[in-house]
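Q: Below you'll find data.csv; it's CSV, C-alpha atoms and all ligand atoms.
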chain,number,residue,atom,x,y,z
A,1,MET,CA,0.0,0.0,0.0
A,2,SER,CA,1.3,3.4,-1.0
A,3,ARG,CA,2.0,5.7,2.0
A,4,ILE,CA,0.8,9.2,2.5
A,5,VAL,CA,3.7,11.5,3.2
A,6,TYR,CA,3.9,15.1,4.3
A,7,VAL,CA,5.7,17.7,2.2
A,8,ASN,CA,5.6,21.3,3.3
A,9,GLY,CA,2.1,21.2,4.6
A,10,ASP,CA,0.6,18.8,2.0
A,11,TYR,CA,-0.3,15.2,2.5
A,12,VAL,CA,0.4,13.4,-0.8
A,13,PRO,CA,0.9,9.8,-2.0
A,14,GLU,CA,4.6,9.0,-1.7
A,15,ALA,CA,5.1,8.6,-5.5
A,16,GLU,CA,3.9,12.3,-5.9
A,17,ALA,CA,6.1,13.8,-3.2
A,18,LYS,CA,8.8,16.0,-4.6
A,19,VAL,CA,11.8,18.0,-3.2
A,20,SER,CA,14.1,20.1,-5.4
A,21,VAL,CA,17.5,18.9,-6.5
A,22,PHE,CA,18.8,22.3,-5.2
A,23,ASP,CA,17.5,21.6,-1.7
A,24,ARG,CA,20.4,22.0,0.8
A,25,GLY,CA,19.3,18.9,2.6
A,26,PHE,CA,20.2,16.9,-0.6
A,27,LEU,CA,23.3,18.9,-1.6
A,28,MET,CA,24.9,19.6,1.8
A,29,ALA,CA,23.2,17.5,4.4
A,30,ASP,CA,22.1,20.9,5.7
A,31,ALA,CA,19.2,19.4,7.6
A,32,VAL,CA,18.1,18.0,10.9
A,33,TYR,CA,15.7,15.2,11.8
A,34,GLU,CA,13.8,13.4,14.5
A,35,VAL,CA,12.3,9.9,14.8
A,36,THR,CA,9.3,9.5,17.1
A,37,SER,CA,8.1,6.0,17.9
A,38,VAL,CA,4.5,4.9,17.8
A,39,LEU,CA,2.9,2.3,20.1
A,40,ASP,CA,-0.8,1.6,20.0
A,41,GLY,CA,-1.2,4.3,17.4
A,42,ARG,CA,0.1,6.9,19.8
A,43,LEU,CA,3.3,9.0,19.9
A,44,ILE,CA,6.1,8.1,22.4
A,45,ASP,CA,8.1,11.0,24.0
A,46,PHE,CA,6.7,13.5,21.5
A,47,GLU,CA,7.5,16.5,23.8
A,48,GLY,CA,11.2,15.5,24.0
A,49,HIS,CA,11.6,15.1,20.3
A,50,ALA,CA,9.9,18.4,19.6
A,51,ALA,CA,12.2,20.1,22.1
A,52,ARG,CA,15.3,18.6,20.6
A,53,LEU,CA,14.2,19.5,17.1
A,54,ALA,CA,13.9,23.2,18.2
A,55,ARG,CA,17.4,23.0,19.8
A,56,SER,CA,19.0,21.4,16.7
A,57,LEU,CA,17.4,24.1,14.5
A,58,ALA,CA,18.5,26.9,16.8
A,59,GLU,CA,22.1,25.6,16.9
A,60,LEU,CA,22.2,25.8,13.1
A,61,ASP,CA,20.4,29.2,12.8
A,62,MET,CA,17.5,27.6,11.0
A,63,THR,CA,14.0,28.9,11.5
A,64,ASN,CA,11.5,26.5,13.1
A,65,PRO,CA,8.9,26.2,10.4
A,66,LEU,CA,6.1,24.6,12.4
A,67,SER,CA,4.5,25.6,15.7
A,68,HIS,CA,4.5,23.0,18.4
A,69,GLN,CA,0.7,22.4,17.7
A,70,GLU,CA,1.3,22.1,14.0
A,71,LEU,CA,4.1,19.6,14.5
A,72,LEU,CA,1.9,17.5,16.8
A,73,GLU,CA,-1.1,17.6,14.5
A,74,ALA,CA,1.1,16.6,11.5
A,75,HIS,CA,2.5,13.6,13.4
A,76,ARG,CA,-1.0,12.5,14.4
A,77,ALA,CA,-2.4,13.0,11.0
A,78,LEU,CA,0.3,10.9,9.3
A,79,VAL,CA,-0.1,8.1,11.9
A,80,ARG,CA,-3.9,8.1,11.3
A,81,LYS,CA,-3.7,8.4,7.4
A,82,ASN,CA,-1.2,5.5,7.3
A,83,CYS,CA,-3.0,3.4,10.0
A,84,VAL,CA,0.3,3.0,12.0
A,85,THR,CA,-0.2,1.1,15.2
A,86,GLU,CA,3.5,0.2,15.8
A,87,GLY,CA,6.3,2.0,14.0
A,88,MET,CA,7.7,5.5,13.7
A,89,VAL,CA,7.3,8.9,12.3
A,90,TYR,CA,10.4,10.4,10.6
A,91,LEU,CA,10.6,14.2,10.3
A,92,GLN,CA,13.3,16.1,8.4
A,93,VAL,CA,13.7,19.9,8.2
A,94,THR,CA,16.2,21.3,5.7
A,95,ARG,CA,17.4,24.8,5.1
A,96,GLY,CA,15.4,24.7,1.9
A,97,ASN,CA,16.0,25.4,-1.8
A,98,PRO,CA,17.8,28.6,-2.5
A,99,GLY,CA,17.7,27.9,-6.3
A,100,ASP,CA,21.4,27.4,-6.7
A,101,ARG,CA,24.3,25.6,-5.0
A,102,ASP,CA,26.2,28.0,-2.7
A,103,PHE,CA,28.1,27.4,0.5
A,104,LEU,CA,26.7,30.5,2.1
A,105,PHE,CA,23.4,30.1,3.9
A,106,PRO,CA,20.5,31.6,1.9
A,107,ASP,CA,18.5,34.5,3.4
A,108,PRO,CA,15.8,32.9,5.6
A,109,GLY,CA,13.5,35.7,4.6
A,110,THR,CA,13.3,34.4,1.1
A,111,CYS,CA,14.3,30.7,1.4
A,112,ARG,CA,11.9,28.7,3.5
A,113,PRO,CA,12.8,25.4,5.2
A,114,THR,CA,11.7,22.2,3.6
A,115,VAL,CA,9.7,19.9,5.9
A,116,VAL,CA,9.2,16.3,5.0
A,117,MET,CA,7.6,13.6,7.2
A,118,PHE,CA,6.8,10.0,6.6
A,119,THR,CA,5.8,6.9,8.6
A,120,GLN,CA,7.3,3.4,8.8
A,121,SER,CA,5.1,0.6,10.2
A,122,LYS,CA,7.1,-1.8,12.3
A,123,PRO,CA,4.9,-4.4,13.8
A,124,GLY,CA,6.8,-6.1,16.7
A,125,LEU,CA,8.6,-3.0,17.8
A,126,ALA,CA,7.7,-3.6,21.4
A,127,ASP,CA,7.9,-7.4,21.2
A,128,ASN,CA,11.2,-7.3,19.4
A,129,PRO,CA,12.8,-10.8,19.3
A,130,ALA,CA,16.3,-9.3,19.2
A,131,ALA,CA,15.7,-8.1,22.8
A,132,ARG,CA,15.5,-11.7,23.9
A,133,THR,CA,18.9,-12.6,22.6
A,134,GLY,CA,20.6,-9.2,22.7
A,135,TRP,CA,23.0,-7.5,20.3
A,136,ARG,CA,26.6,-8.1,19.6
A,137,VAL,CA,28.6,-5.0,19.0
A,138,ILE,CA,32.0,-4.2,17.5
A,139,THR,CA,34.0,-1.0,18.2
A,140,LEU,CA,35.2,1.5,15.7
A,141,PRO,CA,37.0,4.9,15.9
A,142,ASP,CA,34.6,7.8,16.1
A,143,LEU,CA,35.3,9.7,13.0
A,144,ARG,CA,32.2,11.9,13.0
A,145,TRP,CA,32.2,15.7,13.2
A,146,ALA,CA,32.5,17.3,16.6
A,147,ARG,CA,28.8,18.5,17.1
A,148,ARG,CA,27.1,15.2,17.5
A,149,ASP,CA,24.6,16.8,19.9
A,150,ILE,CA,22.9,18.4,16.8
A,151,LYS,CA,20.7,15.8,15.1
A,152,THR,CA,21.8,16.4,11.5
A,153,VAL,CA,21.2,14.0,8.6
A,154,GLN,CA,25.0,13.5,8.2
A,155,LEU,CA,24.7,9.8,8.7
A,156,LEU,CA,27.3,8.5,6.3
A,157,TYR,CA,29.8,7.5,9.0
A,158,PRO,CA,27.2,5.8,11.2
A,159,SER,CA,25.9,4.0,8.1
A,160,MET,CA,29.5,2.8,7.4
A,161,GLY,CA,29.7,1.7,11.0
A,162,LYS,CA,26.5,-0.3,10.7
A,163,MET,CA,27.9,-2.0,7.5
A,164,ALA,CA,31.2,-2.8,9.2
A,165,ALA,CA,29.2,-4.4,12.0
A,166,LYS,CA,27.1,-6.4,9.6
A,167,ARG,CA,30.3,-7.6,7.8
A,168,ALA,CA,31.7,-8.7,11.1
A,169,GLY,CA,28.5,-10.7,11.9
A,170,ALA,CA,27.5,-8.2,14.6
A,171,ASP,CA,24.5,-6.0,15.1
A,172,ASP,CA,26.0,-2.6,15.7
A,173,ALA,CA,29.2,-0.6,16.3
A,174,TRP,CA,30.1,1.4,19.4
A,175,MET,CA,32.3,4.3,18.5
A,176,VAL,CA,35.4,5.1,20.5
A,177,GLN,CA,37.2,8.5,20.9
A,178,ASP,CA,40.5,8.8,22.9
A,179,GLY,CA,40.0,5.3,24.3
A,180,LEU,CA,36.4,6.1,25.6
A,181,VAL,CA,33.1,4.9,24.1
A,182,THR,CA,31.0,7.8,22.8
A,183,GLU,CA,27.8,6.0,21.6
A,184,GLY,CA,26.4,3.4,19.1
A,185,THR,CA,25.8,4.2,15.5
A,186,SER,CA,22.3,5.3,16.2
A,187,ASN,CA,21.9,4.8,20.0
A,188,ASN,CA,23.3,5.7,23.4
A,189,ALA,CA,25.6,3.2,25.1
A,190,TYR,CA,25.5,1.9,28.7
A,191,ILE,CA,27.2,-0.6,30.9
A,192,VAL,CA,26.1,-2.1,34.2
A,193,LYS,CA,28.1,-3.2,37.2
A,194,GLY,CA,26.1,-4.4,40.1
A,195,ARG,CA,23.2,-1.9,40.5
A,196,THR,CA,25.2,0.9,38.9
A,197,ILE,CA,24.4,2.0,35.4
A,198,VAL,CA,27.2,4.0,33.6
A,199,THR,CA,26.6,6.1,30.5
A,200,ARG,CA,28.6,8.9,28.9
A,201,ASP,CA,27.8,12.4,30.2
A,202,LEU,CA,26.1,14.9,27.9
A,203,SER,CA,28.3,17.1,25.8
A,204,HIS,CA,28.9,17.9,22.1
A,205,ASP,CA,30.4,14.4,21.8
A,206,ILE,CA,27.1,12.5,21.8
A,207,LEU,CA,23.4,12.9,20.8
A,208,HIS,CA,21.3,13.8,23.8
A,209,GLY,CA,19.0,10.8,23.4
A,210,ILE,CA,15.4,11.3,24.3
A,211,THR,CA,15.1,7.7,25.3
A,212,ARG,CA,18.3,8.1,27.4
A,213,ALA,CA,16.7,10.9,29.4
A,214,ALA,CA,13.6,8.8,30.1
A,215,VAL,CA,15.5,5.6,30.8
A,216,LEU,CA,17.8,7.3,33.3
A,217,ARG,CA,14.8,8.9,35.0
A,218,PHE,CA,13.1,5.5,35.3
A,219,ALA,CA,16.4,3.9,36.5
A,220,ARG,CA,16.8,6.4,39.3
A,221,GLU,CA,13.2,5.9,40.3
A,222,ALA,CA,13.8,2.1,40.4
A,223,GLN,CA,16.7,2.8,42.8
A,224,TYR,CA,19.5,2.0,40.4
A,225,GLU,CA,22.7,4.1,40.8
A,226,VAL,CA,23.4,6.2,37.7
A,227,GLU,CA,26.9,7.4,36.8
A,228,GLU,CA,27.1,9.8,33.9
A,229,ARG,CA,30.8,9.5,32.8
A,230,PRO,CA,32.8,8.0,29.9
A,231,PHE,CA,34.0,4.4,30.1
A,232,THR,CA,36.6,2.4,28.2
A,233,VAL,CA,36.1,-0.6,26.0
A,234,ASP,CA,38.0,-2.7,28.6
A,235,GLU,CA,35.6,-1.5,31.4
A,236,ALA,CA,32.7,-2.4,29.1
A,237,GLN,CA,34.0,-5.9,28.4
A,238,ALA,CA,34.4,-6.5,32.2
A,239,ALA,CA,30.9,-5.2,33.0
A,240,ASP,CA,28.0,-7.4,34.2
A,241,GLU,CA,25.8,-6.1,31.4
A,242,ALA,CA,25.5,-3.6,28.6
A,243,PHE,CA,22.7,-2.1,26.6
A,244,VAL,CA,21.8,0.7,24.2
A,245,THR,CA,18.8,3.0,24.0
A,246,SER,CA,17.1,4.8,21.1
A,247,ALA,CA,13.6,5.8,20.0
A,248,SER,CA,13.3,2.8,17.7
A,249,THR,CA,15.0,0.1,19.8
A,250,PHE,CA,13.9,1.3,23.3
A,251,VAL,CA,16.3,-0.6,25.6
A,252,MET,CA,18.3,-3.2,23.7
A,253,PRO,CA,20.6,-5.5,25.7
A,254,VAL,CA,24.2,-5.9,24.4
A,255,VAL,CA,25.7,-9.3,25.1
A,256,GLU,CA,29.0,-9.2,23.4
A,257,ILE,CA,31.6,-6.4,22.7
A,258,ASP,CA,34.4,-7.0,20.1
A,259,GLY,CA,34.0,-10.8,20.5
A,260,VAL,CA,34.1,-10.7,24.3
A,261,ARG,CA,30.9,-12.2,25.9
A,262,LEU,CA,29.5,-10.3,28.9
A,263,ALA,CA,28.7,-12.5,31.9
A,264,ASP,CA,26.8,-15.5,30.6
A,265,GLY,CA,26.2,-14.0,27.2
A,266,ARG,CA,22.5,-13.5,27.7
A,267,PRO,CA,20.6,-10.2,28.2
A,268,GLY,CA,21.1,-9.1,31.8
A,269,PRO,CA,18.3,-8.4,34.4
A,270,VAL,CA,18.9,-4.7,34.6
A,271,ALA,CA,18.5,-4.2,30.8
A,272,ARG,CA,15.5,-6.5,30.7
A,273,ARG,CA,13.8,-4.7,33.6
A,274,LEU,CA,14.5,-1.2,32.1
A,275,ARG,CA,13.1,-2.3,28.8
A,276,GLU,CA,9.9,-3.5,30.5
A,277,ILE,CA,9.6,-0.3,32.5
A,278,TYR,CA,10.3,1.9,29.5
A,279,ILE,CA,7.7,0.2,27.3
A,280,GLU,CA,5.1,0.2,30.1
A,281,GLU,CA,5.6,3.8,31.0
A,282,SER,CA,5.8,4.9,27.3
A,283,ARG,CA,2.5,3.2,26.5
A,284,ARG,CA,0.9,4.9,29.5
A,285,SER,CA,2.1,8.4,28.7
A,286,ALA,CA,1.8,8.2,24.8
A,287,ILE,CA,-0.2,10.9,23.2
A,301,LIG,N1,22.9,8.6,19.4
A,301,LIG,C1,22.8,8.6,18.0
A,301,LIG,C2,24.0,8.9,17.3
A,301,LIG,C3,21.5,8.5,17.4
A,301,LIG,O1,21.5,8.5,16.1
A,301,LIG,C4,20.4,8.2,18.2
A,301,LIG,C5,19.1,7.9,17.5
A,301,LIG,N2,18.6,8.9,16.7
A,301,LIG,C6,20.5,8.1,19.6
A,301,LIG,C7,21.8,8.3,20.1
A,301,LIG,C8,19.3,7.9,20.5
A,301,LIG,O2,18.5,9.0,20.5
A,301,LIG,P1,16.9,8.8,20.8
A,301,LIG,O3,16.8,8.1,22.1
A,301,LIG,O4,16.5,10.2,20.9
A,301,LIG,O5,16.4,8.1,19.6
Would you put the structure from the file into structure tokens?
Ligand code: PMP
A:
Amino acid sequence: MSRIVYVNGDYVPEAEAKVSVFDRGFLMADAVYEVTSVLDGRLIDFEGHAARLARSLAELDMTNPLSHQELLEAHRALVRKNCVTEGMVYLQVTRGNPGDRDFLFPDPGTCRPTVVMFTQSKPGLADNPAARTGWRVITLPDLRWARRDIKTVQLLYPSMGKMAAKRAGADDAWMVQDGLVTEGTSNNAYIVKGRTIVTRDLSHDILHGITRAAVLRFAREAQYEVEERPFTVDEAQAADEAFVTSASTFVMPVVEIDGVRLADGRPGPVARRLREIYIEESRRSAI
């Protein structure tokens, strides 16, 4: 079935959706994005994603083309029109089409941002079989630019990382800078020792995950200790458990790092419990 997608205020069949070849999102990756998950046909953590979108745009001097209410209505309309019960809404805002290729930013008064949104149905998002066995990850040097806190569409290096993981028979790659893990290709990384959860502190080095914020809040409420600090690959390999978080994987246990099995090689109790709590709480507060 053909999807209905959103392009600059219009809802059109995907085959009719058009963006200019001069769009700066296409030519220069001059664009930011958000991915919001859908459970039971409702949006998870929408407020967090809307707030991070506004921040990414502000950091790049881009105008925010949609009001909060317009953004929410467009998300809900797409979910409804495409009958999504489990899946996600992808949103991208580019600096627009200035009519020519030029390194200088166009005048925001005359060049309006391009806004594109679409849905992807993913039945089994919550009951993901991968969460029962856990992910195996490899590590790679973090060769991305230095402003990973801005959610831009410059995803080539993370894509290469995912391909390297696949070639190595693994599920994802954790990136390492100065001997310390930054994050996964498209998720935040955590290790667990006893009842202590360790994850890298927020800075320009990592994306400020919306799922990360929620999971750390739930972890503290459930009386786990949380340490926000960097950790080495050696420390991770000696941990009791590890996991990653993202809007599309929620909490995903990690059972192996660079070929080294963690504990008994099965998803650990802390990751499993946090996944349960996250899904339960997200369903409850979805809008
Ligand atoms: N880090 C990176 C590099 C990501 O691409 C993502 C997912 N977009 C995350 C972390 C997780 O962020 P969120 O929980 O907001 O999906």
Q: Report the distance between atom C3 of ligand LIG 301 (chain A) and CA of Ala58 in chain A in Å, rounded to one decimal place.
A: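 Spanning atom C3 of ligand LIG 301 (chain A) to CA of Ala58 in chain A is a straight-line distance of 18.7 Å.
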Q: I'd like the interatomic distance between CA of Met117 in chain A and CA of Ala164 in chain A, to a tenth of an Å.
A: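 Taking CA of Met117 in chain A and CA of Ala164 in chain A, their separation equals 28.8 Å.
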Q: So, counting all atoms listed in the file, which residue among A:Thr110, A:Asn188, A:Thr36, A:Thr94 is closest to Leu72 in chain A?
A: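 Using all atoms listed in the file, the shortest distance to Leu72 in chain A belongs to A:Thr36.
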Q: Any idea what's packed within 12 Å of Asn8 in chain A, counting only C-alpha atoms, ignoring anything in its chain fewer than 4 positions away? Could you give it as a list in words?
A: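 Everything that qualifies: Val12, Ala17, Lys18, Val19, Pro65, Leu66, Glu70, Leu71, Ala74, Leu91, Gln92, Val93, Thr94, Gly96, Arg112, Pro113, Thr114, Val115, Val116, Met117 and Phe118 of chain A.
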Q: Could the residues of chain A that have an atom at most 7 Å from ligand LIG 301 (chain A) be listed as a Markdown table, each with its closest atom pair and the distance in Å to one decimal, counting only C-alpha atoms and all ligand atoms and ordered by chain and ascending residue number?
A:
| residue | atom | partner | partner_atom | distance |
| --- | --- | --- | --- | --- |
| A:Glu34 | CA | A:LIG301 | N2 | 6.9 |
| A:Val35 | CA | A:LIG301 | O5 | 6.6 |
| A:His49 | CA | A:LIG301 | O4 | 7.0 |
| A:Glu183 | CA | A:LIG301 | N1 | 6.0 |
| A:Gly184 | CA | A:LIG301 | C2 | 6.3 |
| A:Thr185 | CA | A:LIG301 | C2 | 5.3 |
| A:Ser186 | CA | A:LIG301 | O1 | 3.3 |
| A:Asn187 | CA | A:LIG301 | C7 | 3.5 |
| A:Asn188 | CA | A:LIG301 | C7 | 4.5 |
| A:Ile206 | CA | A:LIG301 | N1 | 6.2 |
| A:Leu207 | CA | A:LIG301 | N1 | 4.5 |
| A:His208 | CA | A:LIG301 | O2 | 6.5 |
| A:Gly209 | CA | A:LIG301 | O2 | 3.4 |
| A:Ile210 | CA | A:LIG301 | O4 | 3.7 |
| A:Thr211 | CA | A:LIG301 | O3 | 3.6 |
| A:Arg212 | CA | A:LIG301 | O3 | 5.5 |
| A:Thr245 | CA | A:LIG301 | O3 | 5.8 |
| A:Ser246 | CA | A:LIG301 | O3 | 3.5 |
| A:Ala247 | CA | A:LIG301 | O5 | 3.6 |
| A:Ser248 | CA | A:LIG301 | O5 | 6.4 |
Q: Write out the residues from the selection above, keeping C-alpha atoms, as a PDB file, keeping the file's coordinate frame.
A:
ATOM      1  CA  GLU A  34      13.800  13.400  14.500  1.00  0.00           C
ATOM      2  CA  VAL A  35      12.300   9.900  14.800  1.00  0.00           C
ATOM      3  CA  HIS A  49      11.600  15.100  20.300  1.00  0.00           C
ATOM      4  CA  GLU A 183      27.800   6.000  21.600  1.00  0.00           C
ATOM      5  CA  GLY A 184      26.400   3.400  19.100  1.00  0.00           C
ATOM      6  CA  THR A 185      25.800   4.200  15.500  1.00  0.00           C
ATOM      7  CA  SER A 186      22.300   5.300  16.200  1.00  0.00           C
ATOM      8  CA  ASN A 187      21.900   4.800  20.000  1.00  0.00           C
ATOM      9  CA  ASN A 188      23.300   5.700  23.400  1.00  0.00           C
ATOM     10  CA  ILE A 206      27.100  12.500  21.800  1.00  0.00           C
ATOM     11  CA  LEU A 207      23.400  12.900  20.800  1.00  0.00           C
ATOM     12  CA  HIS A 208      21.300  13.800  23.800  1.00  0.00           C
ATOM     13  CA  GLY A 209      19.000  10.800  23.400  1.00  0.00           C
ATOM     14  CA  ILE A 210      15.400  11.300  24.300  1.00  0.00           C
ATOM     15  CA  THR A 211      15.100   7.700  25.300  1.00  0.00           C
ATOM     16  CA  ARG A 212      18.300   8.100  27.400  1.00  0.00           C
ATOM     17  CA  THR A 245      18.800   3.000  24.000  1.00  0.00           C
ATOM     18  CA  SER A 246      17.100   4.800  21.100  1.00  0.00           C
ATOM     19  CA  ALA A 247      13.600   5.800  20.000  1.00  0.00           C
ATOM     20  CA  SER A 248      13.300   2.800  17.700  1.00  0.00           C
TER      21      SER A 248
END
Q: Which is closer to Asp61 in chain A than all the others in A:Arg273, A:Arg95, A:Lys162, A:Lys81, using all atoms listed in the file?
A: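 Selected residue with least distance to Asp61 in chain A: A:Arg95.
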Q: In Å, with one decimal, what is the gap from CA of Gly161 in chain A to CA of Ala173 in chain A?
A: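 Result for CA of Gly161 in chain A versus CA of Ala173 in chain A: 5.8 Å, one decimal.
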Q: Counting all atoms listed in the file, which residue out of A:Ala242, A:Ala263, A:Val153, A:Val79 sits closest to Tyr33 in chain A?
A: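 Using all atoms listed in the file, Tyr33 in chain A sits closest to A:Val153.
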Q: Is it possible to get the residues within 7 Å of (1.6, 15.5, 6.2) (coordinates as in the file, counting only C-alpha atoms) written as a list in words?
A: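 Final list of nearby residues, as requested, is Val5, Tyr6, Val7, Gly9, Asp10, Tyr11, Ala74, Ala77, Leu78 and Met117 of chain A.
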Q: Name the closest residue to Pro141 in chain A among the candidates A:Thr196, A:Gln177, A:Gln69, A:Ser56; distances are taken between atoms, counting all atoms listed in the file.
A: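 Among A:Thr196, A:Gln177, A:Gln69, A:Ser56, it is A:Gln177 that comes nearest to Pro141 in chain A.
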Q: Would you please work out which residue, of A:Ala222, A:Glu241, A:Glu47, A:Thr182, is nearest to Leu143 in chain A when using only C-alpha atoms?
A: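 Between A:Ala222, A:Glu241, A:Glu47, A:Thr182, the residue approaching Leu143 in chain A most closely is A:Thr182.
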Q: Taking all atoms listed in the file into account, which of A:Thr85, A:Ser67, A:Thr133, A:Ser282 comes nearest Phe218 in chain A?
A: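 Among the listed residues, A:Ser282 lies closest to Phe218 in chain A.
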Q: Using only C-alpha atoms, which protein or nucleic acid residues come within 12 Å of Pro253 in chain A? Drop anything in the same chain fewer than 2 positions from it, and give the result as a PDB file with C-alpha atoms, in the frame of the given file.
A:
ATOM      1  CA  ASN A 128      11.200  -7.300  19.400  1.00  0.00           C
ATOM      2  CA  PRO A 129      12.800 -10.800  19.300  1.00  0.00           C
ATOM      3  CA  ALA A 130      16.300  -9.300  19.200  1.00  0.00           C
ATOM      4  CA  ALA A 131      15.700  -8.100  22.800  1.00  0.00           C
ATOM      5  CA  ARG A 132      15.500 -11.700  23.900  1.00  0.00           C
ATOM      6  CA  THR A 133      18.900 -12.600  22.600  1.00  0.00           C
ATOM      7  CA  GLY A 134      20.600  -9.200  22.700  1.00  0.00           C
ATOM      8  CA  TRP A 135      23.000  -7.500  20.300  1.00  0.00           C
ATOM      9  CA  ARG A 136      26.600  -8.100  19.600  1.00  0.00           C
ATOM     10  CA  VAL A 137      28.600  -5.000  19.000  1.00  0.00           C
ATOM     11  CA  ASP A 171      24.500  -6.000  15.100  1.00  0.00           C
ATOM     12  CA  ASP A 172      26.000  -2.600  15.700  1.00  0.00           C
ATOM     13  CA  ASN A 187      21.900   4.800  20.000  1.00  0.00           C
ATOM     14  CA  ASN A 188      23.300   5.700  23.400  1.00  0.00           C
ATOM     15  CA  ALA A 189      25.600   3.200  25.100  1.00  0.00           C
ATOM     16  CA  TYR A 190      25.500   1.900  28.700  1.00  0.00           C
ATOM     17  CA  ILE A 191      27.200  -0.600  30.900  1.00  0.00           C
ATOM     18  CA  VAL A 192      26.100  -2.100  34.200  1.00  0.00           C
ATOM     19  CA  ASP A 240      28.000  -7.400  34.200  1.00  0.00           C
ATOM     20  CA  GLU A 241      25.800  -6.100  31.400  1.00  0.00           C
ATOM     21  CA  ALA A 242      25.500  -3.600  28.600  1.00  0.00           C
ATOM     22  CA  PHE A 243      22.700  -2.100  26.600  1.00  0.00           C
ATOM     23  CA  VAL A 244      21.800   0.700  24.200  1.00  0.00           C
ATOM     24  CA  THR A 245      18.800   3.000  24.000  1.00  0.00           C
ATOM     25  CA  SER A 246      17.100   4.800  21.100  1.00  0.00           C
ATOM     26  CA  THR A 249      15.000   0.100  19.800  1.00  0.00           C
ATOM     27  CA  PHE A 250      13.900   1.300  23.300  1.00  0.00           C
ATOM     28  CA  VAL A 251      16.300  -0.600  25.600  1.00  0.00           C
ATOM     29  CA  VAL A 255      25.700  -9.300  25.100  1.00  0.00           C
ATOM     30  CA  GLU A 256      29.000  -9.200  23.400  1.00  0.00           C
ATOM     31  CA  ILE A 257      31.600  -6.400  22.700  1.00  0.00           C
ATOM     32  CA  LEU A 262      29.500 -10.300  28.900  1.00  0.00           C
ATOM     33  CA  GLY A 265      26.200 -14.000  27.200  1.00  0.00           C
ATOM     34  CA  ARG A 266      22.500 -13.500  27.700  1.00  0.00           C
ATOM     35  CA  PRO A 267      20.600 -10.200  28.200  1.00  0.00           C
ATOM     36  CA  GLY A 268      21.100  -9.100  31.800  1.00  0.00           C
ATOM     37  CA  PRO A 269      18.300  -8.400  34.400  1.00  0.00           C
ATOM     38  CA  VAL A 270      18.900  -4.700  34.600  1.00  0.00           C
ATOM     39  CA  ALA A 271      18.500  -4.200  30.800  1.00  0.00           C
ATOM     40  CA  ARG A 272      15.500  -6.500  30.700  1.00  0.00           C
ATOM     41  CA  ARG A 273      13.800  -4.700  33.600  1.00  0.00           C
ATOM     42  CA  LEU A 274      14.500  -1.200  32.100  1.00  0.00           C
ATOM     43  CA  ARG A 275      13.100  -2.300  28.800  1.00  0.00           C
ATOM     44  CA  GLU A 276       9.900  -3.500  30.500  1.00  0.00           C
TER      45      GLU A 276
END
Q: Skip range 231-239 of chain A itself and residues of its chain fewer than 6 positions away, then list as a list in words all residues within 6 Å of it, counting all atoms listed in the file.
A: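 In the requested form, the answer reads Gly179, Leu180, Val181, Val192 and Lys193 of chain A.
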Q: Which residues come within 12 Å of Phe103 in chain A, counting all atoms listed in the file, excluding same-chain residues fewer than 3 positions away, as a list in words?
A: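 The contact residues come out as Arg24, Leu27, Met28, Ala29, Asp30, Arg95, Pro98, Asp100 and Pro106 of chain A.
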Q: Hey, can you pull every residue with an atom no more than 10 Å from (1.5, 7.6, 22.4), using all atoms listed in the file, and send it as an mmCIF file with C-alpha atoms, in the coordinates of the input?
A:
data_model
loop_
_atom_site.group_PDB
_atom_site.id
_atom_site.type_symbol
_atom_site.label_atom_id
_atom_site.label_comp_id
_atom_site.auth_asym_id
_atom_site.auth_seq_id
_atom_site.Cartn_x
_atom_site.Cartn_y
_atom_site.Cartn_z
ATOM 1 C CA THR A 36 9.300 9.500 17.100
ATOM 2 C CA SER A 37 8.100 6.000 17.900
ATOM 3 C CA VAL A 38 4.500 4.900 17.800
ATOM 4 C CA LEU A 39 2.900 2.300 20.100
ATOM 5 C CA ASP A 40 -0.800 1.600 20.000
ATOM 6 C CA GLY A 41 -1.200 4.300 17.400
ATOM 7 C CA ARG A 42 0.100 6.900 19.800
ATOM 8 C CA LEU A 43 3.300 9.000 19.900
ATOM 9 C CA ILE A 44 6.100 8.100 22.400
ATOM 10 C CA ASP A 45 8.100 11.000 24.000
ATOM 11 C CA PHE A 46 6.700 13.500 21.500
ATOM 12 C CA ARG A 76 -1.000 12.500 14.400
ATOM 13 C CA THR A 85 -0.200 1.100 15.200
ATOM 14 C CA SER A 282 5.800 4.900 27.300
ATOM 15 C CA ARG A 283 2.500 3.200 26.500
ATOM 16 C CA ARG A 284 0.900 4.900 29.500
ATOM 17 C CA SER A 285 2.100 8.400 28.700
ATOM 18 C CA ALA A 286 1.800 8.200 24.800
ATOM 19 C CA ILE A 287 -0.200 10.900 23.200
#
